[in-house]
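Chemist: I'm passing along coords_5.csv; it holds CSV, C-alpha atoms and all ligand atoms.
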chain,number,residue,atom,x,y,z
R,1,MET,CA,82.1,38.3,21.2
R,2,ILE,CA,83.8,35.7,19.1
R,3,GLN,CA,84.3,32.3,20.6
R,4,GLU,CA,87.7,31.6,22.1
R,5,THR,CA,88.3,29.1,24.9
R,6,HIS,CA,86.8,26.8,27.5
R,7,VAL,CA,83.6,26.0,25.8
R,8,LEU,CA,81.6,23.0,27.1
R,9,ASP,CA,80.5,20.3,24.7
R,10,ARG,CA,76.9,20.0,25.9
R,11,PRO,CA,74.5,22.4,27.5
R,12,PRO,CA,75.1,22.8,31.3
R,13,GLU,CA,72.5,21.9,33.9
R,14,GLY,CA,69.4,24.1,33.6
R,15,ALA,CA,70.0,25.1,30.0
R,16,ALA,CA,67.8,24.0,27.1
R,17,ALA,CA,69.0,21.8,24.2
R,18,ASP,CA,69.7,24.9,22.2
R,19,TRP,CA,71.8,26.2,25.1
R,20,THR,CA,69.5,29.0,26.1
R,21,ILE,CA,68.7,29.8,29.7
R,22,PRO,CA,66.2,32.2,31.3
R,23,GLN,CA,67.7,35.7,31.7
R,24,ASN,CA,66.3,35.7,35.3
R,25,TRP,CA,65.9,39.5,35.2
R,26,ASP,CA,64.4,39.5,38.7
R,27,GLY,CA,67.7,38.1,40.0
R,28,TYR,CA,69.7,41.2,39.3
R,29,THR,CA,70.6,43.2,42.4
R,30,GLN,CA,70.6,47.0,42.8
R,31,GLU,CA,74.4,46.8,42.5
R,32,ASP,CA,74.1,45.0,39.1
R,33,HIS,CA,71.8,47.7,37.7
R,34,GLY,CA,74.1,50.3,39.2
R,35,VAL,CA,77.1,48.9,37.2
R,36,TRP,CA,75.0,49.0,34.0
R,37,ASP,CA,74.0,52.6,34.8
R,38,THR,CA,77.6,53.7,35.4
R,39,LEU,CA,78.7,52.2,32.1
R,40,LEU,CA,75.7,53.6,30.3
R,41,GLU,CA,76.3,57.1,31.6
R,42,ARG,CA,79.9,57.1,30.5
R,43,GLN,CA,79.0,55.9,27.0
R,44,MET,CA,76.1,58.3,26.6
R,45,LYS,CA,78.5,61.2,27.1
R,46,LEU,CA,81.0,59.8,24.6
R,47,LEU,CA,79.0,58.3,21.8
R,48,PRO,CA,77.1,61.3,20.2
R,49,GLY,CA,79.4,62.5,17.5
R,50,ARG,CA,81.5,59.3,17.7
R,51,ALA,CA,79.1,56.4,17.1
R,52,ALA,CA,77.5,55.7,13.7
R,53,GLN,CA,74.1,57.2,13.1
R,54,ALA,CA,72.6,53.7,12.7
R,55,TYR,CA,73.9,52.7,16.1
R,56,MET,CA,72.5,55.9,17.8
R,57,ASN,CA,69.2,55.3,16.1
R,58,GLY,CA,69.1,51.7,17.4
R,59,LEU,CA,69.8,52.8,20.9
R,60,GLU,CA,66.8,55.2,20.9
R,61,ALA,CA,64.5,52.9,19.0
R,62,LEU,CA,65.2,50.1,21.5
R,63,ARG,CA,65.2,52.4,24.5
R,64,LEU,CA,68.7,51.2,25.4
R,65,SER,CA,69.6,54.7,26.4
R,66,GLU,CA,67.3,54.3,29.4
R,67,ARG,CA,68.6,53.2,32.8
R,68,GLY,CA,68.8,49.6,34.2
R,69,ILE,CA,69.8,46.2,32.7
R,70,PRO,CA,67.2,45.6,30.0
R,71,ASN,CA,64.7,42.8,30.2
R,72,PHE,CA,65.4,40.5,27.2
R,73,GLU,CA,61.7,39.8,26.6
R,74,GLU,CA,60.8,43.4,26.3
R,75,LEU,CA,63.9,44.2,24.3
R,76,SER,CA,63.1,41.3,21.9
R,77,GLU,CA,59.6,42.5,21.4
R,78,ARG,CA,60.8,45.9,20.2
R,79,LEU,CA,63.6,44.4,18.1
R,80,MET,CA,61.2,41.8,16.6
R,81,LYS,CA,59.0,44.6,15.3
R,82,LEU,CA,61.9,46.4,13.7
R,83,THR,CA,63.9,43.7,12.1
R,84,GLY,CA,62.7,40.3,13.3
R,85,TRP,CA,65.6,39.7,15.6
R,86,GLN,CA,65.4,38.4,19.2
R,87,VAL,CA,67.9,38.4,22.1
R,88,VAL,CA,68.3,35.2,24.1
R,89,ALA,CA,70.4,34.4,27.1
R,90,VAL,CA,73.1,31.8,27.2
R,91,PRO,CA,75.6,30.7,29.9
R,92,GLY,CA,78.7,32.4,28.7
R,93,LEU,CA,80.4,31.0,25.6
R,94,VAL,CA,78.6,28.4,23.5
R,95,PRO,CA,80.0,26.1,20.7
R,96,ASP,CA,80.5,27.7,17.3
R,97,ASP,CA,77.8,25.7,15.6
R,98,VAL,CA,75.2,26.7,18.3
R,99,PHE,CA,76.3,30.4,18.0
R,100,PHE,CA,75.9,30.4,14.2
R,101,GLU,CA,72.6,28.4,14.2
R,102,HIS,CA,71.0,31.0,16.5
R,103,MET,CA,72.4,33.8,14.4
R,104,ALA,CA,71.2,32.3,11.1
R,105,ASN,CA,67.7,32.3,12.7
R,106,ARG,CA,67.9,35.9,13.9
R,107,ARG,CA,68.5,35.1,17.5
R,108,PHE,CA,71.4,37.0,19.1
R,109,VAL,CA,72.9,35.1,22.1
R,110,ALA,CA,73.9,37.2,25.0
R,111,GLY,CA,75.4,36.6,28.4
R,112,ASN,CA,73.1,37.5,31.2
R,113,PHE,CA,75.7,38.2,33.9
R,114,ILE,CA,77.2,41.7,34.5
R,115,ARG,CA,80.7,42.6,35.4
R,116,ARG,CA,81.6,43.5,39.0
R,117,PRO,CA,82.0,47.2,40.0
R,118,ASP,CA,85.8,46.7,40.1
R,119,GLN,CA,85.8,45.4,36.5
R,120,LEU,CA,84.3,48.5,34.7
R,121,ASP,CA,87.1,48.7,32.1
R,122,TYR,CA,88.2,45.1,31.5
R,123,ILE,CA,86.5,41.8,31.5
R,124,GLN,CA,87.7,38.4,30.2
R,125,GLU,CA,84.3,37.2,28.9
R,126,PRO,CA,81.6,39.3,27.3
R,127,ASP,CA,78.9,40.3,29.8
R,128,VAL,CA,75.4,41.7,29.3
R,129,PHE,CA,76.7,45.2,28.8
R,130,HIS,CA,79.0,44.2,26.0
R,131,ASP,CA,76.5,41.9,24.4
R,132,VAL,CA,73.4,44.0,24.7
R,133,PHE,CA,74.6,47.7,24.8
R,134,GLY,CA,77.4,46.9,22.4
R,135,HIS,CA,75.8,44.6,19.9
R,136,VAL,CA,72.0,45.0,19.9
R,137,PRO,CA,71.5,48.6,18.7
R,138,MET,CA,73.0,47.7,15.3
R,139,LEU,CA,70.5,44.8,15.0
R,140,ALA,CA,67.7,47.5,14.7
R,141,ASP,CA,69.3,48.5,11.4
R,142,PRO,CA,67.8,46.5,8.5
R,143,ARG,CA,71.0,46.2,6.6
R,144,PHE,CA,73.0,45.1,9.6
R,145,ALA,CA,70.3,42.7,10.6
R,146,ASP,CA,70.5,41.0,7.2
R,147,TYR,CA,74.3,41.0,7.4
R,148,LEU,CA,74.4,39.2,10.7
R,149,GLU,CA,71.8,36.6,9.6
R,150,ALA,CA,73.9,35.9,6.5
R,151,TYR,CA,77.0,35.8,8.7
R,152,GLY,CA,75.3,33.0,10.8
R,153,ARG,CA,74.7,30.9,7.7
R,154,GLY,CA,78.2,31.7,6.4
R,155,GLY,CA,79.6,30.5,9.8
R,156,LEU,CA,78.0,27.1,9.5
R,157,ARG,CA,79.4,26.9,6.0
R,158,ALA,CA,82.9,28.0,7.1
R,159,LEU,CA,82.9,25.3,9.8
R,160,ASP,CA,82.4,22.7,7.1
R,161,LEU,CA,85.1,24.2,4.9
R,162,GLY,CA,87.6,24.5,7.7
R,163,MET,CA,87.8,28.3,7.3
R,164,LEU,CA,86.4,29.5,10.6
R,165,LYS,CA,89.6,31.4,11.5
R,166,GLN,CA,89.3,33.5,8.3
R,167,LEU,CA,85.6,34.1,8.7
R,168,GLY,CA,86.1,34.9,12.4
R,169,ARG,CA,88.4,37.8,11.4
R,170,LEU,CA,85.6,39.3,9.3
R,171,TYR,CA,83.4,39.3,12.4
R,172,TRP,CA,86.2,40.8,14.5
R,173,TYR,CA,87.0,43.6,12.2
R,174,THR,CA,83.3,44.5,11.4
R,175,VAL,CA,80.9,43.4,14.1
R,176,GLU,CA,83.3,43.8,17.0
R,177,PHE,CA,85.7,46.5,15.9
R,178,GLY,CA,84.4,48.2,12.8
R,179,LEU,CA,84.5,51.8,11.7
R,180,VAL,CA,82.3,53.4,9.1
R,181,ARG,CA,82.6,56.5,6.9
R,182,ASP,CA,79.3,58.0,7.9
R,183,GLU,CA,77.8,61.1,6.3
R,184,GLU,CA,79.4,63.3,9.1
R,185,GLY,CA,82.8,61.6,9.0
R,186,LEU,CA,84.5,58.6,10.5
R,187,ARG,CA,82.4,56.8,13.1
R,188,ILE,CA,82.6,53.7,15.3
R,189,TYR,CA,80.0,50.9,15.2
R,190,GLY,CA,81.8,47.8,16.4
R,191,SER,CA,80.5,46.5,19.7
R,192,GLY,CA,83.9,46.1,21.3
R,193,ILE,CA,84.5,49.8,20.7
R,194,VAL,CA,81.1,51.3,21.6
R,195,SER,CA,80.9,49.4,24.9
R,196,SER,CA,84.4,50.6,25.9
R,197,SER,CA,84.9,54.1,27.1
R,198,ALA,CA,88.7,54.1,26.5
R,199,GLU,CA,88.5,52.5,23.0
R,200,SER,CA,85.6,54.7,22.0
R,201,ARG,CA,88.1,57.5,22.0
R,202,PHE,CA,91.2,55.6,21.0
R,203,ALA,CA,89.7,54.1,17.9
R,204,LEU,CA,88.9,57.5,16.4
R,205,GLU,CA,91.3,60.0,18.0
R,206,SER,CA,94.6,58.2,18.7
R,207,ASP,CA,97.5,58.6,16.2
R,208,SER,CA,98.6,55.1,17.1
R,209,PRO,CA,96.4,52.6,15.2
R,210,ASN,CA,96.2,52.1,11.5
R,211,ARG,CA,92.9,52.9,9.8
R,212,ILE,CA,92.5,51.1,6.5
R,213,GLY,CA,89.7,50.9,3.9
R,214,PHE,CA,87.8,47.6,4.2
R,215,ASP,CA,88.9,44.9,1.9
R,216,LEU,CA,87.2,41.5,2.3
R,217,ARG,CA,90.2,39.2,1.4
R,218,ARG,CA,92.7,41.4,3.3
R,219,VAL,CA,90.6,41.4,6.4
R,220,MET,CA,90.2,37.6,6.3
R,221,ARG,CA,94.0,37.2,6.3
R,222,THR,CA,94.7,39.7,9.1
R,223,GLU,CA,95.6,38.7,12.6
R,224,TYR,CA,94.1,40.5,15.6
R,225,ARG,CA,94.7,40.9,19.3
R,226,ILE,CA,92.2,40.1,22.0
R,227,ASP,CA,94.1,41.6,25.0
R,228,ASP,CA,94.3,45.3,24.3
R,229,PHE,CA,93.2,48.1,21.9
R,230,GLN,CA,93.3,47.1,18.3
R,231,GLN,CA,96.3,48.1,16.2
R,232,ASN,CA,94.2,48.1,13.0
R,233,TYR,CA,90.7,49.3,12.3
R,234,PHE,CA,89.0,48.6,9.0
R,235,VAL,CA,86.6,51.2,7.6
R,236,ILE,CA,83.6,50.3,5.6
R,237,ASP,CA,82.0,52.8,3.2
R,238,SER,CA,78.4,52.0,4.4
R,239,PHE,CA,76.4,49.2,5.8
R,240,ASP,CA,74.8,48.7,2.4
R,241,ASP,CA,78.2,48.2,0.9
R,242,LEU,CA,79.2,45.7,3.6
R,243,LEU,CA,76.0,43.7,3.1
R,244,ARG,CA,76.4,43.8,-0.7
R,245,GLN,CA,80.0,42.8,-0.7
R,246,THR,CA,79.6,39.9,1.7
R,247,THR,CA,76.3,38.5,0.4
R,248,GLU,CA,77.0,38.8,-3.3
R,249,THR,CA,80.3,37.0,-2.9
R,250,ASP,CA,80.5,33.2,-2.7
R,251,PHE,CA,83.1,32.7,-0.1
R,252,ALA,CA,84.1,29.1,-1.1
R,253,PRO,CA,86.3,30.3,-4.0
R,254,LEU,CA,87.5,33.2,-1.9
R,255,TYR,CA,88.6,30.8,0.8
R,256,ASP,CA,90.4,28.7,-1.8
R,257,SER,CA,92.3,31.8,-3.0
R,258,ILE,CA,93.6,32.7,0.4
R,259,ARG,CA,94.1,29.2,1.9
R,260,GLU,CA,97.7,29.0,1.0
R,261,LEU,CA,98.6,32.7,1.5
R,262,PRO,CA,100.3,33.8,4.7
R,263,ASP,CA,98.5,35.5,7.4
R,264,ILE,CA,99.0,39.3,7.6
R,265,PRO,CA,100.7,40.4,10.8
R,266,ILE,CA,98.7,42.8,13.0
R,267,ALA,CA,100.2,46.2,12.3
R,268,ALA,CA,101.4,45.6,8.7
R,269,ILE,CA,100.5,48.1,5.9
R,270,LEU,CA,100.4,46.6,2.4
R,271,GLU,CA,101.0,48.4,-0.8
R,272,LYS,CA,97.4,47.9,-2.0
R,273,ASP,CA,95.9,49.2,1.2
R,274,GLU,CA,93.7,52.3,1.2
R,275,VAL,CA,95.4,53.9,4.1
R,276,ILE,CA,93.3,56.4,6.0
R,277,THR,CA,95.7,56.6,9.0
R,278,HIS,CA,99.2,55.2,8.9
R,279,GLY,CA,99.4,54.7,12.7
R,280,THR,CA,102.5,55.4,14.7
R,281,GLN,CA,101.8,52.2,16.7
R,282,GLU,CA,103.2,54.2,19.7
R,283,TYR,CA,100.6,52.8,22.1
R,284,ALA,CA,101.3,49.2,21.3
R,285,ARG,CA,105.1,49.8,21.4
R,286,SER,CA,104.9,51.5,24.8
R,287,LYS,CA,102.8,48.6,26.1
R,288,ALA,CA,105.2,46.0,24.8
R,289,GLU,CA,108.2,47.8,26.4
R,290,GLY,CA,106.2,47.9,29.6
E,1,LIG,N1,78.6,34.9,1.2
E,1,LIG,C1,79.1,34.1,2.3
E,1,LIG,C2,79.4,32.7,1.9
E,1,LIG,O1,79.3,32.4,0.7
E,1,LIG,C3,78.2,34.1,3.5
E,1,LIG,C4,78.3,35.3,4.4
E,1,LIG,C5,77.5,36.5,4.2
E,1,LIG,C6,79.3,35.4,5.3
E,1,LIG,C7,77.7,37.6,5.0
E,1,LIG,C8,79.5,36.5,6.1
E,1,LIG,C9,78.7,37.6,5.9
E,1,LIG,O2,79.8,31.9,2.7
E,2,FE,FE,81.0,40.7,21.0
For the file at hand, write its structure as structure tokens.
Ligand code: PHE
Ligand code: FE
Modeler:
Amino acid sequence: MIQETHVLDRPPEGAAADWTIPQNWDGYTQEDHGVWDTLLERQMKLLPGRAAQAYMNGLEALRLSERGIPNFEELSERLMKLTGWQVVAVPGLVPDDVFFEHMANRRFVAGNFIRRPDQLDYIQEPDVFHDVFGHVPMLADPRFADYLEAYGRGGLRALDLGMLKQLGRLYWYTVEFGLVRDEEGLRIYGSGIVSSSAESRFALESDSPNRIGFDLRRVMRTEYRIDDFQQNYFVIDSFDDLLRQTTETDFAPLYDSIRELPDIPIAAILEKDEVITHGTQEYARSKAEG
């Protein structure tokens, strides 16, 4: 997940200088594995026909469709062979530069704790189910693997240029909440969607949210919400296209061109948008009215 609040400024007791900690796989209880299995079963019923082919392939290749919280060392071994990525454990949120530095070196940082059985549908901080089931399958895809490494380097650069908020929106609307026009039709690939049973359906099937063709500058200007289903989803044409657009563009001039422009409010539709669904926003409205 993207970094939000209460981040420490140095590694806590027991963490290495790069903030990593042992996963401590033996420390998981039966109840912990049971929570994983419950979430896993729900998603395995929902995702075929909804999740992108690249995501489904990654699940199988990494054996993330099998039961039990995965052991990061075994998972990393499989992932390393496919795309050179590893999964390392960290104690919750880490500072932005640490997050990007790991990513630029093909290390995906994941929380090692799992939500409680009474928190199946909502958690404040990303846990191992979100981080591993949600994010890691896409890392088995060579194009997405390259995209995320490039994103890590881009993050370090955005920090220097003071444009983290704008670059963070790209992460949000692709890595976390992205949709793709797959060969079979519209599909989900964002980790925040594929790890949520309710949003897996909402993102594709609800009339409420907008679905808009991906546009890099537009995305970087668009606000987002962290407390409920998204009101906007952006749809990429393919992972090749996402990789090409982001790596072949030097973001420094792009940042300059949007620095003075206003942010785009969450549910706004612009004249230039390629509108796939003009959402009713009924869901957000009913929530706001309580
Ligand atoms: N091209 C970007 C830059 O110039 C780096 C980047 C690549 C950022 C891919 C995000 C994703 O900063
Ligand atoms: Fe995430």
Chemist: Neighbouring residues of ligand LIG 1 (chain E) are defined here as those with any atom at most 8 Å from a ligand atom, counting all atoms listed in the file; list them as a PyMOL selection string.
Modeler: chain R and resi 147-155+157-158+167+170-171+243+246-252
Chemist: What are the closest atom pairs, with distances in Å to one decimal, for all residues of range 86-142 of chain R lying within 12 Å of range 205-228 of chain R? Consider only C-alpha atoms, order rows by chain and residue number, and present the result as a Markdown table.
Modeler:
| residue | atom | partner | partner_atom | distance |
| --- | --- | --- | --- | --- |
| R:Asp121 | CA | R:Asp228 | CA | 11.1 |
| R:Tyr122 | CA | R:Asp228 | CA | 9.4 |
| R:Ile123 | CA | R:Asp227 | CA | 10.0 |
| R:Gln124 | CA | R:Asp227 | CA | 8.8 |
| R:Glu125 | CA | R:Ile226 | CA | 10.9 |
| R:Pro126 | CA | R:Ile226 | CA | 11.9 |
Chemist: Just write the chosen residues, C-alpha atoms, as a PDB file, keeping the file's coordinate frame.
Modeler:
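As written to disk, out_33.pdb reads:
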ATOM      1  CA  ASP R 121      87.100  48.700  32.100  1.00  0.00           C
ATOM      2  CA  TYR R 122      88.200  45.100  31.500  1.00  0.00           C
ATOM      3  CA  ILE R 123      86.500  41.800  31.500  1.00  0.00           C
ATOM      4  CA  GLN R 124      87.700  38.400  30.200  1.00  0.00           C
ATOM      5  CA  GLU R 125      84.300  37.200  28.900  1.00  0.00           C
ATOM      6  CA  PRO R 126      81.600  39.300  27.300  1.00  0.00           C
TER       7      PRO R 126
END
Chemist: Neighbours of ligand FE 2 (chain E) at 9 Å or closer, counting all atoms listed in the file: which residues, as a list of chain:residue names?
Modeler: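 Protein and nucleic-acid residues within 9 Å of ligand FE 2 (chain E): R:Met1, R:Ile2, R:Ala110, R:Pro126, R:His130, R:Asp131, R:Gly134, R:His135, R:Trp172, R:Val175, R:Glu176, R:Gly190, R:Ser191, R:Gly192.
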Chemist: Those residues with C-alpha atoms, as a compact mmCIF listing (two decimals), in the coordinates of the input please?
Modeler:
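What follows is the written file again_1.txt:
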# COMPACT_ATOMS: atom_id res chain seq x y z
CA MET R 1 82.10 38.30 21.20
CA ILE R 2 83.80 35.70 19.10
CA ALA R 110 73.90 37.20 25.00
CA PRO R 126 81.60 39.30 27.30
CA HIS R 130 79.00 44.20 26.00
CA ASP R 131 76.50 41.90 24.40
CA GLY R 134 77.40 46.90 22.40
CA HIS R 135 75.80 44.60 19.90
CA TRP R 172 86.20 40.80 14.50
CA VAL R 175 80.90 43.40 14.10
CA GLU R 176 83.30 43.80 17.00
CA GLY R 190 81.80 47.80 16.40
CA SER R 191 80.50 46.50 19.70
CA GLY R 192 83.90 46.10 21.30
Chemist: Check the smallest atom-to-atom distance from each of R:Pro48, R:Gly111, R:Gly279, R:Gly290 to Leu93 in chain R using all atoms listed in the file, then report the winner.
Modeler: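 Going through R:Pro48, R:Gly111, R:Gly279, R:Gly290 one by one, the smallest distance to Leu93 in chain R is for R:Gly111.
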Chemist: With only C-alpha atoms as the atoms that count, which of R:Ala284, R:Val98, R:Leu39, R:Val194 lies nearest to Gln119 in chain R?
Modeler: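 Of all the options, R:Leu39 lies closest to Gln119 in chain R.
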